[in-house]
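K.L.:
What follows is a single structure, and I will ask about it in a moment.
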There are 2 protein chains.
Amino acid sequence: MKLSTLLSPAELPALAQRDLRATVCVVFDILRATSTFVTALQRGAQAIQPVCEIAEANEIYARQPDVLLAGERQGVKIRATRAGERDFDLGNSPREFTPEIVQGRTIVSTTTNGTRALQACRGAQLVLAGSFLNLAATACYLKKLSCAEILFVCAGTGEGVALEDVLAAGALAELLATSSAQLSDATVIAQEIYRREQSDLAAALGRSQNGRRLLSLPELADDVAFCAQRDCFDVVPVLNSQGRLVRSI
Amino acid sequence: MKLSTLLSPAELPALAQRDLRATVCVVFDILRATSTFVTALQRGAQAIQPVCEIAEANEIYARQPDVLLAGERQGVKIRATRAGERDFDLGNSPREFTPEIVQGRTIVSTTTNGTRALQACRGAQLVLAGSFLNLAATACYLKKLSCAEILFVCAGTGEGVALEDVLAAGALAELLATSSAQLSDATVIAQEIYRREQSDLAAALGRSQNGRRLLSLPELADDVAFCAQRDCFDVVPVLNSQGRLVRSI
C-alpha cells in the first residue's frame with residue numbers, strides 16, 4: 001500500500017490527470033471546514049453539501065428551502081447583501097453545530113479550500129473528509145478497505161500550505177503506516193512533523209497561521225482547542241455520487 | 001522579515017503572478033542539481049547555464065564549443081543519439097566536477113526541476129542556488145542583504161515534494177529566523193523536520209525517494225553522503241541577468 005500526501009493546494013489541479021480509481025482520498029481542512037463537517041454529521045445532520053460560492057448556496061436554498069446554510073467570510077457568519085439572498089443559519093465554527101440545530105438536516109456549506117479539495121478528488125475510489133476529531137475511526141475504516149493507495153489531501157489556505165492540515169495527514173499516516181507501506185517524501189514530512197507536535201496538538205494548531213488568526217478573534221478562539229481534540233467522534237464522512245458528504249455505512 | 005517556503009514544484013507557476021521585487025529566492029535541488037552547481041563554482045567554473053532540454057544544450061555547444069556539457073537522464077551521463085549531437089562531458093554527480101575539469105569553464109547543465117525552479121524565480125530581487133555544502137555562506141550572505149522576504153524554493157522531483165529539499169530549506173530557516181521574523185506554515189514545517197533530522201543528515205537524505213534511488217546505483221551512491229556535507233564550501237551562486245549562475249561578489 002502506498003501512502004501519499006498532497007501538502008499544498010497547488011497540487012490539486014494535477015489530480016485531474018491522475019487515475020485515482022484505486023486510490024482513496026482523505027481531505028483535511030482542519031481549521032475548520034472538515035472538522036465542522038465531521039461534527040455536523042456526528043451530531044445528526046443528514047448530509048453536507050459543500051459549495052464554493054455564496055450565490056451557489058443561495059440558489060440551492062431557493063430550490064430546497066429546508067436546507068440550512070452555513071459558512072463564513074473573514075470569520076463572520078454570512079449575511080444577505082441583496083434581495084433574494086438570506087442571512088446564513090450558521091457560521092463555520094463546529095461548536096455551533098449542535099444536535100438541536102442540525103438533526104436530520106442537510107447543510108449547504110460554503111468553503112473555498114475544503115470544497116476545492118473535495119471536488120479535485122472526484123475521480124477517486126472513495127473520498128473521505130478527515131479531522132483529528134474522528135481520526136481513529138477514519139483509520140479503522142481505511143484498514144478494512146482494500147486500496148492500492150491512500151492519498152492525504154491537505155486543503156491548505158488560499159494558495160498556501162496549512163500546518164494543521166499537514167499535522168492531521170501525518171497523524172493518520174502514523175496510524176496506517178505498516179512496515180511494508182510505501183511512504184512518499186511528503187508523507188514522511190507530515191508524519192515527522194506530527195511526531196514532533198503530537199504531545200500538544202492544541203498548541204501546535206495555535207501556532208499555525210490559521211490558528212493565530214482564530215485565537216485573535218474572541219468568539220472563535222475556542223475553535224482551535226475544539227478542532228485539536230482527538231478521537232471524540234466515530235463518524236466517517238464519505239462523499240457520495242451527488243457530491244454530498246454523508247455518514248459511511 | 002518574512003521567511004516563506006514553496007514545498008512543492010506545483011507551487012512554481014503561481015510565482016509568475018507575484019511581485020517578487022523585494023524577495024530573494026533560494027532554490028534547493030539537493031539531489032543533485034544545486035549541490036552540483038555549488039560544487040562546480042567552488043572548484044573554479046566560471047558560470048553554470050541551466051537548461052531544461054538536451055537539444056538546448058547541444059544548440060549552445062554548436063554556437064560556443066568551449067562550453068562543457070553536463071547532465072544525466074535516469075542517472076546516466078547523456079550520450080549523442082543523432083548526428084550533430086555530442087556525448088556530454090559530465091554527468092550530474094558533484095564529485096565529477098574537479099578543479100582540473102571545470103576551472104575557468106562555462107558549464108551547460110540540463111536539469112528539469114532545478115532549472116524550472118530557477119526560471120520561475122526570475123522576477124525576484126535576487127535568485128541564489130543553495131545546498132547544504134554552502135549553507136552557512138548562504139546564510140551569511142543573506143544576513144547582509146536588506147530584503148522584505150526570503151523565499152525558499154524546493155525544486156522537488158517531477159511534480160512531487162522532495163524531502164531533501166525541504167530539509168535544506170529548514171536548515172537555512174534555522175540559521176536566519178530571528179525572533180521578529182514571520183515564518184509561513186510551510187517554513188515552520190521545513191524547520192521542524194530539519195530539527196528532527198539534523199543530527200544525521202546523510203541518513204535522512206538516504207531515506208528520501210531520491211536518496212534511495214541513488215544509493216541503489218553503485219556509481220552514484222556516494223553522492224548522497226557528499227550532498228549531505230555541511231558548510232564545506234563558501235561560494236554563493238547567484239543567477240545573473242543572462243540566466244547563468246555565477247559566484248556572488
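Ordering of the C-alpha cells sets the chain letters (A, B, ...), residue numbers begin anew at 1 in every chain, and ligands are numbered from 1 in the order given.
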Just asking: which residues within stretch 64-199 of chain A are strand (DSSP E or B) according to DSSP, as a PyMOL selection string?

P.N.:
chain A and resi 68-73+76-77+90+106-110+126-130+149-154+157+160+182-183

K.L.:
Which residues of chain B sit at most 9 Å from chain A, using only C-alpha atoms? Give each one's shortest atom pair and distance in Å (one decimal place), in chain and ascending residue order, as CSV.

P.N.:
residue,atom,partner,partner_atom,distance
B:Leu6,CA,A:Gly160,CA,8.5
B:Leu7,CA,A:Ser8,CA,7.7
B:Ser8,CA,A:Ser8,CA,7.0
B:Pro9,CA,A:Glu11,CA,8.5
B:Ala10,CA,A:Glu11,CA,5.3
B:Glu11,CA,A:Ala10,CA,5.3
B:Leu12,CA,A:Ala10,CA,8.8
B:Ala14,CA,A:Ala10,CA,8.4
B:Glu159,CA,A:Glu11,CA,8.1
B:Gly160,CA,A:Ala186,CA,7.9
B:Val161,CA,A:Ala186,CA,5.8
B:Ala162,CA,A:Asp185,CA,5.8
B:Leu163,CA,A:Asp185,CA,5.2
B:Glu164,CA,A:Asp185,CA,8.7
B:Val166,CA,A:Ile189,CA,8.5
B:Ser184,CA,A:Gln209,CA,7.2
B:Asp185,CA,A:Leu163,CA,5.2
B:Ala186,CA,A:Val161,CA,5.8
B:Val188,CA,A:Leu163,CA,7.9
B:Ile189,CA,A:Ile193,CA,6.6
B:Ala190,CA,A:Ile189,CA,8.3
B:Glu192,CA,A:Ile193,CA,6.4
B:Ile193,CA,A:Ile193,CA,6.0
B:Arg196,CA,A:Glu192,CA,7.6
B:Arg207,CA,A:Asp185,CA,8.7
B:Ser208,CA,A:Asp185,CA,6.1
B:Gln209,CA,A:Asp185,CA,6.4

K.L.:
When you look at B:Ala137 with a cut-off of 12 Å (counting only C-alpha atoms), what residues show up, excluding the ones that are within fewer than 2 positions of it in the same chain? I need them as a ChimeraX atom specification.

P.N.:
/B:38,42,128-135,139-144,172,175-176,230-237,247-248

K.L.:
Can you pull out every residue within 7 Å of stretch 64-76 of chain B, counting only C-alpha atoms, but drop anything in the same chain fewer than 3 positions away, and send it as a ChimeraX atom specification?

P.N.:
/B:57,60-61,88-92,105-111

K.L.:
Identify which of the residues A:Ile30, A:Met1, A:Leu245, A:Ala136 lies closest to A:Pro94, counting only C-alpha atoms when measuring atom-to-atom distances.

P.N.:
A:Ile30

K.L.:
As an exercise, work out the distance from atom CA of A:Ala45 to atom CA of A:Val102 in Å and give it to one decimal place.

P.N.:
5.0 Å

K.L.:
Pick out the residues sitting within 12 Å of B:Glu100, and hand them over as JSON, numbers by chain; count only C-alpha atoms, and ignore anything fewer than 6 positions along from it in its own chain.

P.N.:
{"B": [40, 43, 44, 45]}

K.L.:
Point out the residue among A:Ala62, A:Ala148, A:Ala228, A:Ala155 with the least atom-to-atom distance to A:Val26, counting only C-alpha atoms.

P.N.:
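So, comparing all the options, the nearest one is A:Ala155.
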
K.L.:
In terms of the shortest atom-to-atom distance over only C-alpha atoms, which of B:Ser241, B:Asp200, B:Arg212, B:Gln17 is closest to B:Gln229?

P.N.:
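For B:Gln229, the nearest of the candidates is B:Asp200.
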
K.L.:
Assign secondary structure with DSSP using the backbone only, and return the residues of stretch 30-194 of chain B in alpha helix (DSSP H) as a PyMOL selection string.

P.N.:
chain B and resi 33-42+54-63+99-102+113-120+135-144+163-176+185-194

K.L.:
Grab the atom CA of A:Arg82 to atom CA of A:Gly243 distance for me, in Å with one decimal place.

P.N.:
27.6 Å

K.L.:
Pick from B:Thr178, B:Leu151, B:Phe226, B:Gly104: nearest to B:Ala203, with only C-alpha atoms counted?

P.N.:
B:Phe226

K.L.:
Any idea what the distance is between atom CA of B:Thr115 and atom CA of B:Ala16?

P.N.:
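The value is 15.1 Å.
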
K.L.:
Mind checking which residues fall within 12 Å of A:Ala83, counting only C-alpha atoms, ignoring those fewer than 3 positions away in the same chain, and posting them as a list of chain:residue names?

P.N.:
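Counting only C-alpha atoms, the residues come to A:Ala55, A:Asn58, A:Arg79, A:Ala80, A:Arg86, A:Asp87.
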
K.L.:
Could you take the residues named above and write them with all heavy atoms, as a tab-separated table (two decimals), in the first residue's frame?

P.N.:
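part.tsv was written with the following content:
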chain	number	residue	atom	x	y	z
A	55	ALA	N	-23.39	32.56	-3.70
A	55	ALA	CA	-24.51	32.56	-4.63
A	55	ALA	C	-25.04	31.15	-4.86
A	55	ALA	O	-26.25	30.93	-4.97
A	55	ALA	CB	-24.08	33.19	-5.97
A	58	ASN	N	-27.18	30.12	-2.00
A	58	ASN	CA	-28.49	30.78	-2.07
A	58	ASN	C	-29.38	30.13	-3.14
A	58	ASN	O	-30.59	29.99	-2.95
A	58	ASN	CB	-28.31	32.28	-2.35
A	58	ASN	CG	-28.05	33.06	-1.08
A	58	ASN	OD1	-28.87	33.08	-0.16
A	58	ASN	ND2	-26.89	33.69	-0.99
A	79	ARG	N	-24.14	37.25	5.80
A	79	ARG	CA	-25.43	37.93	5.84
A	79	ARG	C	-25.88	38.25	4.41
A	79	ARG	O	-25.06	38.39	3.51
A	79	ARG	CB	-25.33	39.25	6.64
A	79	ARG	CG	-24.90	39.02	8.08
A	79	ARG	CD	-25.42	40.11	9.03
A	79	ARG	NE	-25.20	39.69	10.41
A	79	ARG	CZ	-26.03	38.88	11.10
A	79	ARG	NH1	-27.14	38.45	10.55
A	79	ARG	NH2	-25.75	38.52	12.32
A	80	ALA	N	-27.20	38.39	4.24
A	80	ALA	CA	-27.74	38.74	2.93
A	80	ALA	C	-27.23	40.12	2.52
A	80	ALA	O	-27.16	41.03	3.35
A	80	ALA	CB	-29.27	38.75	2.99
A	86	ARG	N	-30.33	35.45	1.75
A	86	ARG	CA	-30.83	35.22	3.10
A	86	ARG	C	-29.64	35.19	4.05
A	86	ARG	O	-28.55	34.77	3.67
A	86	ARG	CB	-31.60	33.89	3.04
A	86	ARG	CG	-31.46	32.93	4.12
A	86	ARG	CD	-32.14	31.62	3.74
A	86	ARG	NE	-32.09	30.73	4.90
A	86	ARG	CZ	-33.02	30.71	5.86
A	86	ARG	NH1	-34.06	31.49	5.78
A	86	ARG	NH2	-32.87	29.89	6.89
A	87	ASP	N	-29.84	35.67	5.25
A	87	ASP	CA	-28.80	35.51	6.27
A	87	ASP	C	-28.55	34.03	6.48
A	87	ASP	O	-29.51	33.24	6.55
A	87	ASP	CB	-29.23	36.14	7.60
A	87	ASP	CG	-29.28	37.66	7.55
A	87	ASP	OD1	-28.70	38.25	6.61
A	87	ASP	OD2	-29.90	38.26	8.46
